[in-house]
Amino acid sequence: MASKPPDCAMAELAAPCSCHAGGGIDVHAHVVPEHFPAYLGSRVPAHWPSMAAAHACHRHVMIDGGIYRTVSDRCWDVGKRIADLKQMGVTLQAVSPMPELLSYWLDPRDAHQLLRYINEQIADMVSRADGVLIGLGAVPLQDIDLAIAELEHAVARLGFVGVEIGSNVNGVPIGDPRFDPFFEACEALGAAVFVHAVRPTGMDRLVGPAALQQVLAYPSDVGLAAASVLTAGLLDRHPALRIAFSHGGGTLASLLPRLERARQVFPALRDSLHTSPAEQARKLFFDTLVFDAATLRHLTGLFGASQLMVGTDHPFNFQDSTPLASLDDAGFDADTLALLRHRNAERFLGLAQRTFP
């Protein structure tokens with residue numbers, strides 16, 4: 001899924017600082033290492049990523065011999081990233097891997113090697129960012145034992161506040177009970193879980209350029225992932241789990257009223273959904289990356305002003321480069337703005353004691 005990035009001169013331009021008191025905490029931003037290691041075993045696994053030179057300040061992420069995406073050096077250059085954040089009004093950014101790097105389709109041992117490298121690259125970026133970046137790592141969720149081991153390494157050894165996971169693991173939705181031991185470990189460690197779409201369903205139903213995967217299929221898969229968490233009763237079993245969904249929860253806002261009505265109509269759903277889906281949904285977290293003020297107001301009303309947090313998708317092209325202005329445009333009062341800008345993210349990321357200017 002190659003995309004043409006802006007040229008370097010344009011990439012240097014950013015929106016003026018919104019200069020809001022309290023700044024903003026961005027929970028949805030991505031990292032791509034400048035280099036990937038050569039596989040150290042006797043063979044290079046299928047789907048193992050590599051980097052190739054592109055035009056100035058960009059590199060191609062290569063997978064299976066083709067260009068998956070062309071990315072700018074802001075994916076790994078800490079100084080340029082921090083300069084962007086200052087102009088965006090973001091005082092803290094949680095960085096996680098580009099979702100395709102989650103690598104659920106690799107052999108678990110190969111994926112573990114790759115993700116350990118990526119997590120350590122993130123840790124290095126965090127260490128050089130003077131407190132502006134914090135880490136959300138990646139784990140090989142196709143193998144629960146390895147995933148828990150890497151989760152523990154990321155939290156206990158690397159100091160990450162949590163992990164990013166995909167909306168599905170090789171087609172299995174995250175609400176599936178097989179993932180319960182992993183979520184139990186996240187709950188025990190106090191690790192935040194950020195859910196991003198990856199290899200979404202429905203690609204065969206899209207008509208148009210490959211970029212529609214990000215535009216249309218991602219929010220569809222995120223919505224189904226969030227719905228699977230509700231229908232599986234994940235938070236009933238793990239009430240202390242802090243889990244967030246990208247892109248405003250995708251289609252969940254439209255699915256939720258149907259789930260509520262279906263619980264009244266279908267005995268099987270009434271029996272399996274012990275807690276109201278709407279009540280459960282108000283315990284989940286969501287980012288604000290929806291590109292529309294009316295939608296943002298709707299989500300805040302549906303899920304609660306306490307559950308939404310800034311998300312930008314920085315530094316990719318399809319981002320919100322003026323996240324605080326987007327909140328202002330929605331017309332929220334001062335108390336709600338403070339929640340959305342940073343207070344909710346402090347709770348989600350476990351940073352309640354952190355002081356922001």
# chains A, B, ... in the order shown; residues from 1 in each chain; ligands from 1
$ closest_atom_pairs --of "segment 222-283 of chain A" --to "segment 335-348 of chain A" --cutoff "12 Å" --atoms "only C-alpha atoms" --output "tab-separated table"
residue	atom	partner	partner_atom	distance
A:Ala240	CA	A:Phe348	CA	10.8
A:Leu241	CA	A:Phe348	CA	9.6
A:Arg242	CA	A:Phe348	CA	6.1
A:Ile243	CA	A:Phe348	CA	7.7
A:Ala244	CA	A:Phe348	CA	7.9
A:Phe245	CA	A:Phe348	CA	11.5
A:Lys283	CA	A:Phe348	CA	10.8
$ write_last_selection --atoms "N, CA and C atoms" --output "compact mmCIF listing (two decimals), in the first residue's frame"
# COMPACT_ATOMS: atom_id res chain seq x y z
N ALA A 240 -10.76 -3.83 35.45
CA ALA A 240 -9.70 -2.81 35.58
C ALA A 240 -8.92 -2.61 34.30
N LEU A 241 -9.25 -3.36 33.24
CA LEU A 241 -8.54 -3.23 31.97
C LEU A 241 -8.83 -1.87 31.34
N ARG A 242 -7.77 -1.19 30.93
CA ARG A 242 -7.91 0.09 30.23
C ARG A 242 -7.62 -0.17 28.75
N ILE A 243 -8.66 -0.09 27.92
CA ILE A 243 -8.52 -0.42 26.51
C ILE A 243 -9.15 0.69 25.68
N ALA A 244 -8.43 1.11 24.64
CA ALA A 244 -8.86 2.23 23.79
C ALA A 244 -8.90 1.80 22.34
N PHE A 245 -9.75 2.47 21.56
CA PHE A 245 -9.94 2.15 20.15
C PHE A 245 -9.67 3.38 19.30
N LYS A 283 -17.18 2.44 29.28
CA LYS A 283 -15.97 2.11 30.04
C LYS A 283 -14.75 1.97 29.12
$ closest_atom_pairs --of "segment 176-229 of chain A" --to "segment 153-164 of chain A" --cutoff "8 Å" --atoms "only C-alpha atoms" --output "Markdown table"
| residue | atom | partner | partner_atom | distance |
| --- | --- | --- | --- | --- |
| A:Cys186 | CA | A:Gly162 | CA | 7.8 |
| A:Leu189 | CA | A:Val155 | CA | 7.7 |
| A:Gly190 | CA | A:Gly162 | CA | 7.9 |
| A:Ala191 | CA | A:Gly162 | CA | 4.2 |
| A:Ala192 | CA | A:Gly162 | CA | 4.3 |
| A:Val193 | CA | A:Val163 | CA | 5.2 |
| A:Phe194 | CA | A:Glu164 | CA | 4.6 |
| A:Val195 | CA | A:Glu164 | CA | 5.8 |
| A:His196 | CA | A:Glu164 | CA | 7.0 |
$ select_by_dssp --residues "segment 67-98 of chain A" --states "helix (DSSP H, G or I)" --output "count of residues only"
14
$ closest_residue --among "A:Glu150, A:Glu120, A:Asp73, A:Asp26" --to "Gly89 of chain A" --atoms "only C-alpha atoms"
A:Asp26
$ closest_atom_pairs --of "segment 99-182 of chain A" --to "segment 219-222 of chain A" --cutoff "10 Å" --atoms "only C-alpha atoms" --output "CSV"
residue,atom,partner,partner_atom,distance
A:Gly166,CA,A:Val222,CA,8.7
A:Ser167,CA,A:Val222,CA,5.6
A:Asn168,CA,A:Asp221,CA,8.0
A:Pro173,CA,A:Asp221,CA,9.1
$ residues_around --residues "segment 102-114 of chain A" --least-positions-apart "6" --cutoff "8 Å" --atoms "only C-alpha atoms" --output "PyMOL selection string"
chain A and resi 37+45-48+138-143+146+150+165-166+169-170
$ write_last_selection --atoms "C-alpha atoms" --output "PDB file, in the first residue's frame"
ATOM      1  CA  PRO A  37      17.618  -5.965  11.190  1.00  0.00           C
ATOM      2  CA  PRO A  45      10.911 -15.243   6.723  1.00  0.00           C
ATOM      3  CA  ALA A  46       8.168 -14.246   4.329  1.00  0.00           C
ATOM      4  CA  HIS A  47       6.777 -10.776   5.112  1.00  0.00           C
ATOM      5  CA  TRP A  48       9.964  -9.709   6.949  1.00  0.00           C
ATOM      6  CA  ALA A 138       4.010  -4.486  20.345  1.00  0.00           C
ATOM      7  CA  VAL A 139       3.660  -8.179  21.192  1.00  0.00           C
ATOM      8  CA  PRO A 140       3.334 -11.369  19.087  1.00  0.00           C
ATOM      9  CA  LEU A 141      -0.319 -11.946  19.935  1.00  0.00           C
ATOM     10  CA  GLN A 142      -0.513 -15.010  17.690  1.00  0.00           C
ATOM     11  CA  ASP A 143       1.240 -16.795  20.591  1.00  0.00           C
ATOM     12  CA  LEU A 146       5.224 -15.080  23.934  1.00  0.00           C
ATOM     13  CA  GLU A 150       7.052  -9.446  25.653  1.00  0.00           C
ATOM     14  CA  ILE A 165      -2.616  -4.442  19.434  1.00  0.00           C
ATOM     15  CA  GLY A 166      -4.434  -5.066  16.174  1.00  0.00           C
ATOM     16  CA  VAL A 169      -5.178 -11.449  14.942  1.00  0.00           C
ATOM     17  CA  ASN A 170      -5.102 -13.298  11.646  1.00  0.00           C
TER      18      ASN A 170
END
$ select_by_dssp --residues "segment 73-310 of chain A" --states "strand (DSSP E or B)" --output "NGL selection string"
:A and (90-97 or 133-137 or 162-166 or 168-169 or 172-173 or 192-196 or 243-245 or 285-287 or 308-309)
$ residues_around --residues "Phe286 of chain A" --least-positions-apart "2" --cutoff "9 Å" --atoms "only C-alpha atoms" --output "PDB file with all heavy atoms, in the first residue's frame"
ATOM      1  N   PHE A 194      -4.002  -0.144  23.398  1.00  0.00           N
ATOM      2  CA  PHE A 194      -4.512   0.702  22.308  1.00  0.00           C
ATOM      3  C   PHE A 194      -4.747  -0.174  21.090  1.00  0.00           C
ATOM      4  O   PHE A 194      -3.831  -0.839  20.609  1.00  0.00           O
ATOM      5  CB  PHE A 194      -3.509   1.812  21.979  1.00  0.00           C
ATOM      6  CG  PHE A 194      -3.986   2.751  20.906  1.00  0.00           C
ATOM      7  CD1 PHE A 194      -5.024   3.638  21.154  1.00  0.00           C
ATOM      8  CD2 PHE A 194      -3.409   2.745  19.644  1.00  0.00           C
ATOM      9  CE1 PHE A 194      -5.473   4.509  20.165  1.00  0.00           C
ATOM     10  CE2 PHE A 194      -3.847   3.611  18.648  1.00  0.00           C
ATOM     11  CZ  PHE A 194      -4.886   4.487  18.918  1.00  0.00           C
ATOM     12  N   ILE A 243      -8.662  -0.089  27.924  1.00  0.00           N
ATOM     13  CA  ILE A 243      -8.521  -0.418  26.509  1.00  0.00           C
ATOM     14  C   ILE A 243      -9.153   0.687  25.676  1.00  0.00           C
ATOM     15  O   ILE A 243     -10.246   1.174  25.981  1.00  0.00           O
ATOM     16  CB  ILE A 243      -9.139  -1.807  26.195  1.00  0.00           C
ATOM     17  CG1 ILE A 243      -8.901  -2.197  24.738  1.00  0.00           C
ATOM     18  CG2 ILE A 243     -10.612  -1.875  26.559  1.00  0.00           C
ATOM     19  CD1 ILE A 243      -9.228  -3.660  24.435  1.00  0.00           C
ATOM     20  N   ALA A 244      -8.428   1.115  24.643  1.00  0.00           N
ATOM     21  CA  ALA A 244      -8.865   2.230  23.792  1.00  0.00           C
ATOM     22  C   ALA A 244      -8.900   1.802  22.341  1.00  0.00           C
ATOM     23  O   ALA A 244      -8.139   0.924  21.913  1.00  0.00           O
ATOM     24  CB  ALA A 244      -7.916   3.421  23.958  1.00  0.00           C
ATOM     25  N   PHE A 245      -9.750   2.467  21.564  1.00  0.00           N
ATOM     26  CA  PHE A 245      -9.939   2.150  20.154  1.00  0.00           C
ATOM     27  C   PHE A 245      -9.673   3.383  19.303  1.00  0.00           C
ATOM     28  O   PHE A 245     -10.132   4.480  19.594  1.00  0.00           O
ATOM     29  CB  PHE A 245     -11.346   1.611  19.913  1.00  0.00           C
ATOM     30  CG  PHE A 245     -11.572   0.278  20.569  1.00  0.00           C
ATOM     31  CD1 PHE A 245     -11.935   0.211  21.911  1.00  0.00           C
ATOM     32  CD2 PHE A 245     -11.350  -0.895  19.877  1.00  0.00           C
ATOM     33  CE1 PHE A 245     -12.101  -1.013  22.536  1.00  0.00           C
ATOM     34  CE2 PHE A 245     -11.511  -2.127  20.492  1.00  0.00           C
ATOM     35  CZ  PHE A 245     -11.887  -2.184  21.823  1.00  0.00           C
ATOM     36  N   SER A 246      -8.909   3.166  18.239  1.00  0.00           N
ATOM     37  CA  SER A 246      -8.526   4.249  17.346  1.00  0.00           C
ATOM     38  C   SER A 246      -9.699   4.700  16.486  1.00  0.00           C
ATOM     39  O   SER A 246     -10.746   4.048  16.416  1.00  0.00           O
ATOM     40  CB  SER A 246      -7.368   3.792  16.453  1.00  0.00           C
ATOM     41  OG  SER A 246      -7.760   2.670  15.673  1.00  0.00           O
ATOM     42  N   HIS A 247      -9.489   5.853  15.827  1.00  0.00           N
ATOM     43  CA  HIS A 247     -10.451   6.385  14.860  1.00  0.00           C
ATOM     44  C   HIS A 247     -11.850   6.503  15.454  1.00  0.00           C
ATOM     45  O   HIS A 247     -12.852   6.173  14.811  1.00  0.00           O
ATOM     46  CB  HIS A 247     -10.462   5.525  13.596  1.00  0.00           C
ATOM     47  CG  HIS A 247      -9.108   5.325  13.003  1.00  0.00           C
ATOM     48  ND1 HIS A 247      -8.491   4.096  12.956  1.00  0.00           N
ATOM     49  CD2 HIS A 247      -8.219   6.215  12.487  1.00  0.00           C
ATOM     50  CE1 HIS A 247      -7.290   4.232  12.416  1.00  0.00           C
ATOM     51  NE2 HIS A 247      -7.095   5.508  12.134  1.00  0.00           N
ATOM     52  N   GLY A 248     -11.894   6.980  16.716  1.00  0.00           N
ATOM     53  CA  GLY A 248     -13.168   7.194  17.372  1.00  0.00           C
ATOM     54  C   GLY A 248     -13.981   5.935  17.581  1.00  0.00           C
ATOM     55  O   GLY A 248     -15.201   6.010  17.784  1.00  0.00           O
ATOM     56  N   GLY A 249     -13.323   4.775  17.576  1.00  0.00           N
ATOM     57  CA  GLY A 249     -14.050   3.515  17.684  1.00  0.00           C
ATOM     58  C   GLY A 249     -14.636   3.051  16.368  1.00  0.00           C
ATOM     59  O   GLY A 249     -15.402   2.078  16.324  1.00  0.00           O
ATOM     60  N   LEU A 284     -14.982   1.979  27.813  1.00  0.00           N
ATOM     61  CA  LEU A 284     -13.904   1.937  26.840  1.00  0.00           C
ATOM     62  C   LEU A 284     -13.388   3.361  26.594  1.00  0.00           C
ATOM     63  O   LEU A 284     -14.064   4.341  26.875  1.00  0.00           O
ATOM     64  CB  LEU A 284     -14.385   1.344  25.515  1.00  0.00           C
ATOM     65  CG  LEU A 284     -15.055  -0.025  25.564  1.00  0.00           C
ATOM     66  CD1 LEU A 284     -15.583  -0.402  24.178  1.00  0.00           C
ATOM     67  CD2 LEU A 284     -14.116  -1.088  26.091  1.00  0.00           C
ATOM     68  N   THR A 288      -9.901  10.810  19.202  1.00  0.00           N
ATOM     69  CA  THR A 288     -10.747  11.843  18.589  1.00  0.00           C
ATOM     70  C   THR A 288     -10.521  11.974  17.085  1.00  0.00           C
ATOM     71  O   THR A 288     -10.984  12.948  16.477  1.00  0.00           O
ATOM     72  CB  THR A 288     -10.452  13.209  19.244  1.00  0.00           C
ATOM     73  OG1 THR A 288      -9.047  13.520  19.074  1.00  0.00           O
ATOM     74  CG2 THR A 288     -10.800  13.200  20.720  1.00  0.00           C
ATOM     75  N   LEU A 289      -9.856  11.005  16.476  1.00  0.00           N
ATOM     76  CA  LEU A 289      -9.432  11.135  15.083  1.00  0.00           C
ATOM     77  C   LEU A 289     -10.572  10.788  14.131  1.00  0.00           C
ATOM     78  O   LEU A 289     -10.603   9.725  13.507  1.00  0.00           O
ATOM     79  CB  LEU A 289      -8.227  10.230  14.832  1.00  0.00           C
ATOM     80  CG  LEU A 289      -7.488  10.410  13.504  1.00  0.00           C
ATOM     81  CD1 LEU A 289      -6.966  11.835  13.353  1.00  0.00           C
ATOM     82  CD2 LEU A 289      -6.348   9.416  13.398  1.00  0.00           C
ATOM     83  N   LEU A 299     -19.929  11.412  19.486  1.00  0.00           N
ATOM     84  CA  LEU A 299     -19.195  10.391  20.230  1.00  0.00           C
ATOM     85  C   LEU A 299     -19.059  10.761  21.696  1.00  0.00           C
ATOM     86  O   LEU A 299     -19.147   9.890  22.580  1.00  0.00           O
ATOM     87  CB  LEU A 299     -17.805  10.198  19.616  1.00  0.00           C
ATOM     88  CG  LEU A 299     -17.743   9.655  18.199  1.00  0.00           C
ATOM     89  CD1 LEU A 299     -16.289   9.498  17.756  1.00  0.00           C
ATOM     90  CD2 LEU A 299     -18.480   8.331  18.071  1.00  0.00           C
ATOM     91  N   PHE A 303     -20.448   8.098  24.287  1.00  0.00           N
ATOM     92  CA  PHE A 303     -19.512   7.352  25.124  1.00  0.00           C
ATOM     93  C   PHE A 303     -19.168   8.072  26.424  1.00  0.00           C
ATOM     94  O   PHE A 303     -18.646   7.456  27.354  1.00  0.00           O
ATOM     95  CB  PHE A 303     -18.216   7.083  24.347  1.00  0.00           C
ATOM     96  CG  PHE A 303     -18.399   6.262  23.106  1.00  0.00           C
ATOM     97  CD1 PHE A 303     -17.821   6.656  21.904  1.00  0.00           C
ATOM     98  CD2 PHE A 303     -19.151   5.105  23.125  1.00  0.00           C
ATOM     99  CE1 PHE A 303     -17.972   5.892  20.753  1.00  0.00           C
ATOM    100  CE2 PHE A 303     -19.322   4.338  21.974  1.00  0.00           C
ATOM    101  CZ  PHE A 303     -18.734   4.727  20.790  1.00  0.00           C
ATOM    102  N   GLN A 307     -14.234   9.692  28.146  1.00  0.00           N
ATOM    103  CA  GLN A 307     -13.683   8.517  27.464  1.00  0.00           C
ATOM    104  C   GLN A 307     -12.964   8.829  26.154  1.00  0.00           C
ATOM    105  O   GLN A 307     -12.450   7.905  25.523  1.00  0.00           O
ATOM    106  CB  GLN A 307     -14.799   7.503  27.196  1.00  0.00           C
ATOM    107  CG  GLN A 307     -15.556   7.051  28.443  1.00  0.00           C
ATOM    108  CD  GLN A 307     -14.639   6.556  29.545  1.00  0.00           C
ATOM    109  OE1 GLN A 307     -14.547   7.153  30.617  1.00  0.00           O
ATOM    110  NE2 GLN A 307     -13.912   5.476  29.283  1.00  0.00           N
ATOM    111  N   LEU A 308     -12.914  10.064  25.732  1.00  0.00           N
ATOM    112  CA  LEU A 308     -12.249  10.407  24.469  1.00  0.00           C
ATOM    113  C   LEU A 308     -10.930  11.133  24.723  1.00  0.00           C
ATOM    114  O   LEU A 308     -10.810  11.907  25.680  1.00  0.00           O
ATOM    115  CB  LEU A 308     -13.157  11.267  23.585  1.00  0.00           C
ATOM    116  CG  LEU A 308     -14.094  10.456  22.687  1.00  0.00           C
ATOM    117  CD1 LEU A 308     -15.269   9.912  23.466  1.00  0.00           C
ATOM    118  CD2 LEU A 308     -14.579  11.278  21.501  1.00  0.00           C
ATOM    119  N   MET A 309      -9.954  10.875  23.855  1.00  0.00           N
ATOM    120  CA  MET A 309      -8.605  11.413  24.002  1.00  0.00           C
ATOM    121  C   MET A 309      -8.083  11.828  22.632  1.00  0.00           C
ATOM    122  O   MET A 309      -8.483  11.282  21.613  1.00  0.00           O
ATOM    123  CB  MET A 309      -7.675  10.337  24.578  1.00  0.00           C
ATOM    124  CG  MET A 309      -8.222   9.595  25.778  1.00  0.00           C
ATOM    125  SD  MET A 309      -7.212   8.147  26.203  1.00  0.00           S
ATOM    126  CE  MET A 309      -7.566   7.039  24.822  1.00  0.00           C
ATOM    127  N   VAL A 310      -7.161  12.759  22.633  1.00  0.00           N
ATOM    128  CA  VAL A 310      -6.566  13.220  21.378  1.00  0.00           C
ATOM    129  C   VAL A 310      -5.864  12.072  20.666  1.00  0.00           C
ATOM    130  O   VAL A 310      -5.124  11.292  21.279  1.00  0.00           O
ATOM    131  CB  VAL A 310      -5.560  14.355  21.643  1.00  0.00           C
ATOM    132  CG1 VAL A 310      -4.744  14.674  20.382  1.00  0.00           C
ATOM    133  CG2 VAL A 310      -6.282  15.602  22.129  1.00  0.00           C
ATOM    134  N   GLY A 311      -6.102  11.964  19.373  1.00  0.00           N
ATOM    135  CA  GLY A 311      -5.368  11.046  18.507  1.00  0.00           C
ATOM    136  C   GLY A 311      -5.071  11.754  17.209  1.00  0.00           C
ATOM    137  O   GLY A 311      -5.946  12.447  16.665  1.00  0.00           O
TER     138      GLY A 311
END
$ residues_around --residues "Gly233 of chain A" --least-positions-apart "4" --cutoff "12 Å" --atoms "only C-alpha atoms" --output "tab-separated table (two decimals) with all heavy atoms, in the first residue's frame"
chain	number	residue	atom	x	y	z
A	174	ILE	N	-10.47	-9.56	18.65
A	174	ILE	CA	-9.79	-9.51	19.94
A	174	ILE	C	-10.70	-9.87	21.11
A	174	ILE	O	-10.21	-10.17	22.20
A	174	ILE	CB	-9.13	-8.15	20.18
A	174	ILE	CG1	-10.18	-7.03	20.14
A	174	ILE	CG2	-8.03	-7.91	19.16
A	174	ILE	CD1	-9.62	-5.69	20.59
A	175	GLY	N	-12.01	-9.85	20.89
A	175	GLY	CA	-12.91	-10.27	21.95
A	175	GLY	C	-12.96	-11.77	22.16
A	175	GLY	O	-13.55	-12.24	23.14
A	176	ASP	N	-12.34	-12.53	21.27
A	176	ASP	CA	-12.35	-13.98	21.39
A	176	ASP	C	-11.74	-14.39	22.73
A	176	ASP	O	-10.69	-13.88	23.11
A	176	ASP	CB	-11.56	-14.60	20.23
A	176	ASP	CG	-11.74	-16.11	20.15
A	176	ASP	OD1	-11.16	-16.81	21.01
A	176	ASP	OD2	-12.43	-16.58	19.24
A	177	PRO	N	-12.37	-15.33	23.45
A	177	PRO	CA	-11.87	-15.72	24.78
A	177	PRO	C	-10.44	-16.24	24.79
A	177	PRO	O	-9.80	-16.25	25.86
A	177	PRO	CB	-12.85	-16.82	25.21
A	177	PRO	CG	-14.11	-16.54	24.45
A	177	PRO	CD	-13.66	-15.99	23.12
A	180	ASP	N	-8.04	-13.95	26.52
A	180	ASP	CA	-8.26	-13.56	27.91
A	180	ASP	C	-7.00	-13.59	28.78
A	180	ASP	O	-6.78	-12.67	29.58
A	180	ASP	CB	-9.34	-14.44	28.53
A	180	ASP	CG	-10.71	-13.76	28.51
A	180	ASP	OD1	-10.92	-12.88	27.65
A	180	ASP	OD2	-11.56	-14.11	29.35
A	226	ALA	N	-14.24	-3.52	18.56
A	226	ALA	CA	-14.85	-2.97	19.78
A	226	ALA	C	-16.14	-3.71	20.12
A	226	ALA	O	-16.41	-4.02	21.29
A	226	ALA	CB	-15.10	-1.49	19.62
A	227	ALA	N	-16.93	-4.00	19.08
A	227	ALA	CA	-18.17	-4.75	19.32
A	227	ALA	C	-17.88	-6.13	19.88
A	227	ALA	O	-18.61	-6.63	20.75
A	227	ALA	CB	-18.97	-4.85	18.01
A	228	SER	N	-16.81	-6.76	19.42
A	228	SER	CA	-16.46	-8.10	19.94
A	228	SER	C	-16.10	-8.05	21.41
A	228	SER	O	-16.37	-8.99	22.16
A	228	SER	CB	-15.32	-8.71	19.12
A	228	SER	OG	-14.04	-8.19	19.48
A	229	VAL	N	-15.48	-6.96	21.84
A	229	VAL	CA	-15.17	-6.79	23.25
A	229	VAL	C	-16.46	-6.69	24.07
A	229	VAL	O	-16.56	-7.26	25.17
A	229	VAL	CB	-14.29	-5.53	23.44
A	229	VAL	CG1	-14.24	-5.10	24.90
A	229	VAL	CG2	-12.88	-5.80	22.92
A	237	ARG	N	-15.24	-9.43	32.82
A	237	ARG	CA	-14.23	-10.34	33.40
A	237	ARG	C	-12.98	-9.60	33.86
A	237	ARG	O	-12.28	-10.07	34.76
A	237	ARG	CB	-13.86	-11.42	32.38
A	237	ARG	CG	-15.02	-12.31	31.98
A	237	ARG	CD	-14.57	-13.49	31.14
A	237	ARG	NE	-13.91	-13.09	29.90
A	237	ARG	CZ	-14.56	-12.73	28.80
A	237	ARG	NH1	-15.89	-12.68	28.80
A	237	ARG	NH2	-13.91	-12.39	27.70
A	238	HIS	N	-12.69	-8.47	33.21
A	238	HIS	CA	-11.47	-7.72	33.53
A	238	HIS	C	-11.83	-6.25	33.71
A	238	HIS	O	-11.50	-5.40	32.87
A	238	HIS	CB	-10.44	-7.90	32.41
A	238	HIS	CG	-10.11	-9.33	32.14
A	238	HIS	ND1	-9.43	-10.12	33.04
A	238	HIS	CD2	-10.39	-10.13	31.07
A	238	HIS	CE1	-9.29	-11.34	32.54
A	238	HIS	NE2	-9.86	-11.37	31.36
A	239	PRO	N	-12.50	-5.93	34.81
A	239	PRO	CA	-13.04	-4.57	34.97
A	239	PRO	C	-11.99	-3.48	35.09
A	239	PRO	O	-12.28	-2.31	34.85
A	239	PRO	CB	-13.86	-4.68	36.27
A	239	PRO	CG	-13.29	-5.86	36.99
A	239	PRO	CD	-12.85	-6.82	35.93
A	269	LEU	N	-29.19	-13.14	22.65
A	269	LEU	CA	-28.36	-11.99	23.00
A	269	LEU	C	-28.65	-11.51	24.41
A	269	LEU	O	-27.74	-11.10	25.14
A	269	LEU	CB	-28.57	-10.85	22.00
A	269	LEU	CG	-27.85	-10.99	20.66
A	269	LEU	CD1	-28.25	-9.86	19.72
A	269	LEU	CD2	-26.35	-10.98	20.87
A	271	ASP	N	-29.47	-13.30	26.86
A	271	ASP	CA	-28.84	-14.25	27.77
A	271	ASP	C	-27.32	-14.12	27.79
A	271	ASP	O	-26.68	-14.34	28.83
A	271	ASP	CB	-29.22	-15.68	27.39
A	271	ASP	CG	-30.70	-15.98	27.61
A	271	ASP	OD1	-31.34	-15.21	28.35
A	271	ASP	OD2	-31.20	-16.95	27.01
A	272	SER	N	-26.73	-13.76	26.66
A	272	SER	CA	-25.27	-13.72	26.59
A	272	SER	C	-24.70	-12.36	26.98
A	272	SER	O	-23.57	-12.27	27.47
A	272	SER	CB	-24.79	-14.08	25.18
A	272	SER	OG	-25.22	-13.10	24.23
A	273	LEU	N	-25.47	-11.29	26.77
A	273	LEU	CA	-25.01	-9.95	27.13
A	273	LEU	C	-25.51	-9.60	28.53
A	273	LEU	O	-26.60	-9.05	28.70
A	273	LEU	CB	-25.49	-8.92	26.10
A	273	LEU	CG	-24.85	-8.99	24.73
A	273	LEU	CD1	-25.55	-8.05	23.75
A	273	LEU	CD2	-23.38	-8.65	24.81
A	274	HIS	N	-24.73	-9.95	29.52
A	274	HIS	CA	-25.16	-9.75	30.90
A	274	HIS	C	-25.19	-8.27	31.28
A	274	HIS	O	-25.95	-7.87	32.16
A	274	HIS	CB	-24.23	-10.51	31.84
A	274	HIS	CG	-24.16	-11.97	31.55
A	274	HIS	ND1	-25.26	-12.80	31.62
A	274	HIS	CD2	-23.12	-12.76	31.16
A	274	HIS	CE1	-24.92	-14.04	31.30
A	274	HIS	NE2	-23.62	-14.04	31.01
A	275	THR	N	-24.37	-7.46	30.63
A	275	THR	CA	-24.33	-6.03	30.88
A	275	THR	C	-24.70	-5.29	29.60
A	275	THR	O	-24.30	-5.69	28.51
A	275	THR	CB	-22.92	-5.59	31.32
A	275	THR	OG1	-22.52	-6.35	32.47
A	275	THR	CG2	-22.88	-4.11	31.68
A	276	SER	N	-25.46	-4.24	29.73
A	276	SER	CA	-25.87	-3.44	28.57
A	276	SER	C	-24.67	-3.05	27.73
A	276	SER	O	-23.66	-2.56	28.26
A	276	SER	CB	-26.59	-2.18	29.07
A	276	SER	OG	-26.51	-1.14	28.14
A	277	PRO	N	-24.73	-3.25	26.41
A	277	PRO	CA	-23.62	-2.81	25.55
A	277	PRO	C	-23.30	-1.33	25.71
A	277	PRO	O	-22.13	-0.94	25.71
A	277	PRO	CB	-24.12	-3.14	24.14
A	277	PRO	CG	-25.10	-4.24	24.33
A	277	PRO	CD	-25.77	-3.96	25.64
A	279	GLU	N	-23.71	0.52	28.36
A	279	GLU	CA	-23.02	0.69	29.64
A	279	GLU	C	-21.57	0.23	29.53
A	279	GLU	O	-20.66	0.89	30.05
A	279	GLU	CB	-23.75	-0.11	30.72
A	279	GLU	CG	-23.14	0.01	32.10
A	279	GLU	CD	-23.88	-0.83	33.14
A	279	GLU	OE1	-25.07	-1.16	32.90
A	279	GLU	OE2	-23.28	-1.15	34.17
A	280	GLN	N	-21.35	-0.89	28.85
A	280	GLN	CA	-19.97	-1.35	28.66
A	280	GLN	C	-19.16	-0.37	27.84
A	280	GLN	O	-17.99	-0.09	28.15
A	280	GLN	CB	-19.98	-2.71	27.95
A	280	GLN	CG	-20.53	-3.88	28.72
A	280	GLN	CD	-20.36	-5.15	27.92
A	280	GLN	OE1	-19.24	-5.58	27.65
A	280	GLN	NE2	-21.46	-5.75	27.52
A	281	ALA	N	-19.76	0.17	26.77
A	281	ALA	CA	-19.03	1.05	25.86
A	281	ALA	C	-18.55	2.30	26.56
A	281	ALA	O	-17.50	2.87	26.19
A	281	ALA	CB	-19.91	1.43	24.67
A	283	LYS	N	-17.18	2.44	29.28
A	283	LYS	CA	-15.97	2.11	30.04
A	283	LYS	C	-14.75	1.97	29.12
A	283	LYS	O	-13.63	1.83	29.60
A	283	LYS	CB	-16.18	0.81	30.82
A	283	LYS	CG	-17.29	0.90	31.86
A	283	LYS	CD	-17.50	-0.44	32.54
A	283	LYS	CE	-18.64	-0.36	33.54
A	283	LYS	NZ	-18.90	-1.70	34.19
$ atom_distance --atom1 "atom CA of Ala56 of chain A" --atom2 "atom CA of Val71 of chain A"
10.8 Å
$ atom_distance --atom1 "atom CA of Asn119 of chain A" --atom2 "atom CA of Asp77 of chain A"
15.7 Å
$ closest_residue --among "A:Leu302, A:Ala197, A:Arg263, A:Pro181" --to "Leu234 of chain A" --atoms "only C-alpha atoms"
A:Pro181
$ residues_around --residues "segment 313-328 of chain A" --least-positions-apart "2" --cutoff "7 Å" --atoms "only C-alpha atoms" --output "PyMOL selection string"
chain A and resi 5+15+18+28-30+74-75+88-89+289+293+310-311+330-332+337
$ residues_around --residues "Phe36 of chain A" --least-positions-apart "3" --cutoff "12 Å" --atoms "only C-alpha atoms" --output "ChimeraX atom specification"
/A:32-33,39-40,48-52,59-63,76,101,113-118,120-121
